[in-house]
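Encoded as structure tokens, the structure appears first; notes follow it.
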2 protein chains.
Amino acid sequence: MSRQFSLLLDRIHEIHDLQKAADLLAWDRQVIMPEAGDEVRVHQITTLRRLAHVMFTDDNVGELIEDAALAIDGAAYESNEASLIRYLRETYDEERRLPAEFVARVSEISGKAHRIWVRARENNDYASFAPWLKEIVGLGREMAELYGYENEIYDALLDKYERGSRTSDVRALFSATRDAIVPMLAAIAGRQHMVSDNVLRQHYDVDAQKKFARYIAEAVGYDFDRGHLGTAVHPFASSFSRNDARITSRWYPDYLCPSLFGALHESGHAIYEQNTHADLTRTPLARGTSMGIHESQSRMFENYVGRSRSFWNAHFPRLQETFPTQLRDVTAEDFYLAINKVQPSFIRVEADELTYNLHIILRFELEQALLTGDLTVADLPTAWNDKMSELLGVTPPDDTHGVLQDIHWTRPSFGYFPTYALGNLYAAQFFEAAQQQSPAISAELEAGETTALLSWLRENIHQHGRKFKPGEIVERVTGKPLSHEAFVDYAAEKFGEIYGLQ
Amino acid sequence: MSRQFSLLLDRIHEIHDLQKAADLLAWDRQVIMPEAGDEVRVHQITTLRRLAHVMFTDDNVGELIEDAALAIDGAAYESNEASLIRYLRETYDEERRLPAEFVARVSEISGKAHRIWVRARENNDYASFAPWLKEIVGLGREMAELYGYENEIYDALLDKYERGSRTSDVRALFSATRDAIVPMLAAIAGRQHMVSDNVLRQHYDVDAQKKFARYIAEAVGYDFDRGHLGTAVHPFASSFSRNDARITSRWYPDYLCPSLFGALHESGHAIYEQNTHADLTRTPLARGTSMGIHESQSRMFENYVGRSRSFWNAHFPRLQETFPTQLRDVTAEDFYLAINKVQPSFIRVEADELTYNLHIILRFELEQALLTGDLTVADLPTAWNDKMSELLGVTPPDDTHGVLQDIHWTRPSFGYFPTYALGNLYAAQFFEAAQQQSPAISAELEAGETTALLSWLRENIHQHGRKFKPGEIVERVTGKPLSHEAFVDYAAEKFGEIYGLQ
């Protein structure tokens, strides 16, 4: 390695260490920390984020990047070196548009807003959160202006989560998805009686749920020797290196789904991180390339694997052993139907595969309106409820089950929500390509095994980390840009069969 | 607050945040992290420690300190401001003697040596650890030369853990302690049959042990709303702010002592941190003032409270409820005797109150010999075993039960061990003073309660954090310098009564 490249790497490692330390502070805050520690913890996270920003945006780093770029001139586009230079040039330029004071302010206000939101949600008290949300929307606008954009203000923020995506493209994808889903939902509405999920809503011992969650996480390929399963009110995955990629889930004593699908979903995220190439360690490339591609991996394991008939044909007996009383007279097929019941509901994270995307479309539209100023924070709850009624035909009984349900707006992370639905579309397109390219995958999945699928994902997606942008990945892997078609085909076939539609 | 002082505080807060973040990385490493994450974790800790060092030793910080000192000129010695300036001047001067490269090297080598030691200890393989220990001893010498010293090389390192202590003073204290203990041990040796600890060595369900550990930690005043109890192979306490001060313990299914006294010991440490004054938050004063004074607090709750007759008169019934089978025919008095059985053994952390100090004297002497070069790393195991035989009359069966038992020599923390025995002496002297000054304390302790004791400790010791040096604290609180006398009196009375000595 050239001296110039090595000097750059030393600096990048150091900055990455700081960011990962801040990530651990944030993980711990949600999983371990006593609530009383929060005030100081927010200061600590803010200090580390600010320092990492200051160190990265130093003039000297720009020189290090350009010196290293010269030194590796001619390196292949796919090489780690060239990919790192590409990534750094782009983010260096962007990060320098944000003053350190702004980065610290975002961290501090978000930290405080999070505390207010937790209370507001508990007490169904939107009014107490509204002034903070107003401030967060202000930060979102400020950030968008600092980053800059050509067409829509939303573009500036969306791009940070889904590199290279434009709001207009996402709008078109969502519109096509919606047009396909709505008629399916209408058809299913008259057939609600065909599927019952009562079996999931019984008493399930929490310790036994935890044990089984470990079992299925491992079954789909999550490596506990390089991971950890914790408990979080809002499950998430977080990694501090490929050898320490953690998942969380939550445990309801009267509802089995959250623990099962929380664990599978977060395992999908963590499996992605665990399988980035070791050579990318301690660099910003050692991470899933975008939120949408990340979500495609969590959805892959949650839905394409974890809500499939074959998976439960293989693993239901173990679940039945774990809960012999609750599942005595239940078949794997009953269970498969129960976990795939389609029914409009209030809470996004508990939504089925079809209605889920409508929850996202709602947020996507409201976020844009908040940023442009077409919608005020004061009018948001009404707008939320109206849109729920329009898209899903249900109206939340209160703000806790409506506008206050998500953690995301405690920080100016506008542009994040759409990546969830994009993840569903990516997942479908990847899953289709994987099955076409590697026939072993389907055969194995029939037996509830994922080795061939994992190997395909590792080879085509995971190992690259952030070397390629989401658009590049999807083209490289599936030969075409992202489309709604694979998802719509998948959904039509799966739910058509379950509900006996045409 | 003056602008100058506020500028200094901003910088100090930031550096403190970094150090606390590194402390969390280290806590997590021992309590949560999968072993596979260790390599990168060591890099992360190293980066944060190095950065904190670089930031603190910057020329500009010296100017900030002196500008702030001028601005608060005339502030009382006891004031937070004057105390912070005193502390910063001293540590700034010291830290600047260590090059950043050296700080990073210590962190990195210690991190690696720790991994080697874990294996070596498991496999009773001193030879594999020896080259690393040699390097660690080299680092210790290098550090001592960088800090500088007048008389003995050991002084330079001891001073970092016990500010203002000299090796010669410690030697005199230990010698007096040893002279008093050895005859007691000789007398007890013939009376071993008088006390049995069989009751402690039965099967005790681990989950029930955890529950009871929470109960007694709370009973002595540890605040779980600002804390957390985790599991660690080598129990320790660590705090990230006064509102997040954590303890760990360990659980043996066949031996009750480690969980009980581990929890009480670490609670003592954490109670000290939880009760530093809120105004010291995010400064280096928000911490126990020295390792010896810290240890006095852990010993206070482990031994002076937790191994007292009155404590178990009050709390034994609850323990009996928790383990009704194991403790059916056991009285509180039987239990009191069992947990106070005196018997020379191999493992320091399991030693009784009398022999414990001899384990420390052994390490204190060997450390000095290693640093001066009078003892080589190759000869250390033999020297260890010889000294065990000389001081305690027992010879370890292997190095795992001998020279490899402690974590401390995986880093150049020579000078740390003596603070454990100093802690025993401080504890005795504080406990004596507390009882004399506040008669409510003894009365409450008779009922197993610690409110008055805690209040005395908070007022006299805890709240001050690091504002005063250990020597100042002991003089302020007890009116005299540290001596072995209170400990010897306490031990003679307690064990004289138990073993019927003159």
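In the structure tokens, the first chain shown is A, the next is B, and so on; residue numbers restart at 1 for each chain, and ligands run from 1 in the order shown.
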Problem set entry | Exercise: segment 212-228 of chain A partners within 9 Å, only C-alpha atoms, chain neighbours under 2 positions left out, as a count of residues only | 44
Exercise. Using only C-alpha atoms, which residues sit within 12 Å of Glu475 of chain A once same-chain residues fewer than 6 positions away are excluded, as a ChimeraX atom specification?
Worked result: /A:426,429-430,433,460-461,468-469,481-483
Exercise. Can you list, as a PyMOL selection string, every residue of segment 262-412 of chain A that DSSP puts in alpha helix (DSSP H)?
Worked result: chain A and resi 262-274+291-299+309-322+332-338+356-372+380-392
Problem set entry | Residue with smallest distance to Ile136 of chain B - pool B:His265, B:His408, B:His234, B:His294, counting only C-alpha atoms |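 Checking each of B:His265, B:His408, B:His234, B:His294 against Ile136 of chain B, counting only C-alpha atoms, the winner is B:His408.
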For this session: Excluding Phe431 of chain B and any residue of its chain fewer than 2 positions from it, enumerate the residues within 12 Å of it, using only C-alpha atoms, and give them as a PyMOL selection string.
Result: chain B and resi 296-297+299-301+303-305+423-429+433-439+441-442+445+453-454+456-457+460-461+474+477-478+486-487+489-490
N, CA and C atoms of the current selection, written as a short mmCIF file (atom, residue, chain, number, x, y, z; two decimals), in the first residue's frame:
data_model
loop_
_atom_site.label_atom_id
_atom_site.label_comp_id
_atom_site.auth_asym_id
_atom_site.auth_seq_id
_atom_site.Cartn_x
_atom_site.Cartn_y
_atom_site.Cartn_z
N SER B 296 -11.99 1.81 49.91
CA SER B 296 -12.51 1.90 51.28
C SER B 296 -14.04 1.85 51.26
N GLN B 297 -14.63 2.39 50.19
CA GLN B 297 -16.09 2.38 50.12
C GLN B 297 -16.62 1.00 49.74
N ARG B 299 -15.10 -1.81 50.43
CA ARG B 299 -14.87 -2.65 51.61
C ARG B 299 -15.85 -2.31 52.73
N MET B 300 -16.20 -1.04 52.83
CA MET B 300 -17.17 -0.60 53.83
C MET B 300 -18.46 -1.42 53.68
N PHE B 301 -18.94 -1.52 52.44
CA PHE B 301 -20.22 -2.20 52.24
C PHE B 301 -20.06 -3.72 52.16
N ASN B 303 -17.60 -5.52 53.79
CA ASN B 303 -17.16 -6.12 55.06
C ASN B 303 -17.75 -5.47 56.30
N TYR B 304 -17.59 -4.16 56.41
CA TYR B 304 -17.99 -3.50 57.66
C TYR B 304 -19.50 -3.55 57.81
N VAL B 305 -20.21 -3.42 56.71
CA VAL B 305 -21.65 -3.62 56.73
C VAL B 305 -21.98 -5.08 56.42
N GLY B 423 -7.23 0.45 51.00
CA GLY B 423 -8.68 0.59 51.13
C GLY B 423 -9.19 -0.04 52.41
N ASN B 424 -8.66 -1.21 52.76
CA ASN B 424 -9.07 -1.86 54.01
C ASN B 424 -8.72 -0.99 55.22
N LEU B 425 -7.55 -0.38 55.17
CA LEU B 425 -7.12 0.46 56.31
C LEU B 425 -7.96 1.75 56.37
N TYR B 426 -8.13 2.39 55.22
CA TYR B 426 -8.99 3.58 55.18
C TYR B 426 -10.39 3.25 55.70
N ALA B 427 -10.95 2.14 55.23
CA ALA B 427 -12.32 1.78 55.60
C ALA B 427 -12.45 1.70 57.11
N ALA B 428 -11.48 1.04 57.72
CA ALA B 428 -11.53 0.87 59.19
C ALA B 428 -11.48 2.23 59.88
N GLN B 429 -10.61 3.09 59.39
CA GLN B 429 -10.45 4.40 60.03
C GLN B 429 -11.70 5.27 59.81
N ALA B 433 -14.43 6.54 62.71
CA ALA B 433 -14.78 7.97 62.82
C ALA B 433 -16.28 8.18 62.65
N ALA B 434 -16.85 7.49 61.70
CA ALA B 434 -18.28 7.65 61.42
C ALA B 434 -19.09 7.28 62.65
N GLN B 435 -18.75 6.17 63.28
CA GLN B 435 -19.51 5.72 64.45
C GLN B 435 -19.34 6.67 65.63
N GLN B 436 -18.11 7.22 65.75
CA GLN B 436 -17.90 8.19 66.83
C GLN B 436 -18.68 9.47 66.59
N GLN B 437 -18.69 9.92 65.36
CA GLN B 437 -19.28 11.23 65.06
C GLN B 437 -20.80 11.18 64.96
N SER B 438 -21.35 10.04 64.58
CA SER B 438 -22.80 9.96 64.40
C SER B 438 -23.33 8.71 65.07
N PRO B 439 -23.82 8.86 66.29
CA PRO B 439 -24.28 7.69 67.05
C PRO B 439 -25.43 6.95 66.36
N ILE B 441 -25.58 5.95 63.49
CA ILE B 441 -25.09 4.94 62.55
C ILE B 441 -25.12 3.54 63.16
N SER B 442 -24.52 3.39 64.33
CA SER B 442 -24.47 2.06 64.95
C SER B 442 -25.87 1.53 65.23
N LEU B 445 -27.36 0.38 61.98
CA LEU B 445 -26.71 -0.83 61.47
C LEU B 445 -27.19 -2.06 62.24
N LEU B 453 -25.34 5.97 57.91
CA LEU B 453 -23.97 5.76 57.43
C LEU B 453 -23.79 6.41 56.05
N LEU B 454 -24.76 6.14 55.18
CA LEU B 454 -24.69 6.71 53.83
C LEU B 454 -24.65 8.23 53.88
N TRP B 456 -23.58 10.10 56.27
CA TRP B 456 -22.26 10.52 56.76
C TRP B 456 -21.20 10.41 55.65
N LEU B 457 -21.26 9.32 54.93
CA LEU B 457 -20.28 9.11 53.86
C LEU B 457 -20.46 10.14 52.74
N ASN B 460 -19.20 13.55 54.05
CA ASN B 460 -17.77 13.66 54.35
C ASN B 460 -16.86 13.22 53.21
N ILE B 461 -17.35 12.30 52.40
CA ILE B 461 -16.46 11.74 51.37
C ILE B 461 -17.05 11.84 49.96
N VAL B 474 -8.61 11.93 54.41
CA VAL B 474 -8.50 11.16 55.65
C VAL B 474 -8.21 12.08 56.84
N VAL B 477 -11.47 14.07 57.63
CA VAL B 477 -12.59 13.28 58.13
C VAL B 477 -12.27 12.62 59.46
N THR B 478 -11.03 12.17 59.62
CA THR B 478 -10.72 11.41 60.84
C THR B 478 -9.75 12.17 61.74
N ALA B 486 -6.73 1.32 63.26
CA ALA B 486 -8.17 1.05 63.28
C ALA B 486 -8.45 -0.33 62.69
N PHE B 487 -7.77 -0.67 61.63
CA PHE B 487 -7.99 -1.99 61.02
C PHE B 487 -7.58 -3.11 61.97
N ASP B 489 -7.34 -3.03 65.21
CA ASP B 489 -8.28 -3.11 66.34
C ASP B 489 -9.57 -3.83 65.94
N TYR B 490 -10.08 -3.41 64.77
CA TYR B 490 -11.31 -4.03 64.26
C TYR B 490 -11.12 -5.53 64.08
#
For this session: Quote the spacing between atom CA of Ala232 of chain B and atom CA of Pro258 of chain B in Å to one decimal place.
Result: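 Here the two named atoms are 11.5 Å from each other.
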Exercise. What does the distance from atom CA of Phe495 of chain B to atom CA of Ser196 of chain B come to in Å, to one decimal?
Worked result: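 It comes out at 14.3 Å.
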Residues of segment 355-471 of chain B that have any atom at most 12 Å from an atom of segment 163-181 of chain B: could you tabulate them with the shortest-distance atom pair and the distance in Å to one decimal, using only C-alpha atoms, ordered by chain and increasing number, as CSV?
residue,atom,partner,partner_atom,distance
B:Thr355,CA,B:Ile181,CA,8.0
B:Tyr356,CA,B:Ile181,CA,10.4
B:Asn357,CA,B:Arg178,CA,7.8
B:Leu358,CA,B:Arg178,CA,7.1
B:His359,CA,B:Arg178,CA,10.8
B:Ile360,CA,B:Phe174,CA,9.1
B:Ile361,CA,B:Phe174,CA,6.8
B:Leu362,CA,B:Phe174,CA,10.4
B:Arg363,CA,B:Phe174,CA,11.8
B:Phe364,CA,B:Arg171,CA,8.7
B:Glu365,CA,B:Arg171,CA,9.0
B:Glu367,CA,B:Thr167,CA,11.5
B:Gln368,CA,B:Thr167,CA,9.3
B:Leu391,CA,B:Arg178,CA,9.1
B:Leu392,CA,B:Ile181,CA,10.9
B:Phe414,CA,B:Thr167,CA,11.9
B:Gly415,CA,B:Thr167,CA,9.0
B:Tyr416,CA,B:Arg163,CA,11.5
B:Phe417,CA,B:Val170,CA,11.5
B:Pro418,CA,B:Val170,CA,7.8
B:Thr419,CA,B:Val170,CA,9.3
B:Tyr420,CA,B:Phe174,CA,11.4
B:Ala421,CA,B:Phe174,CA,8.1
B:Leu422,CA,B:Val170,CA,8.0
B:Gly423,CA,B:Val170,CA,11.8
B:Asn424,CA,B:Thr177,CA,10.5
B:Leu425,CA,B:Thr177,CA,8.9
B:Tyr426,CA,B:Leu173,CA,11.3
B:Arg466,CA,B:Arg163,CA,10.4
B:Lys467,CA,B:Arg163,CA,12.0
B:Phe468,CA,B:Arg163,CA,9.8
B:Lys469,CA,B:Arg163,CA,6.3
B:Pro470,CA,B:Arg163,CA,6.7
B:Gly471,CA,B:Gly164,CA,7.1
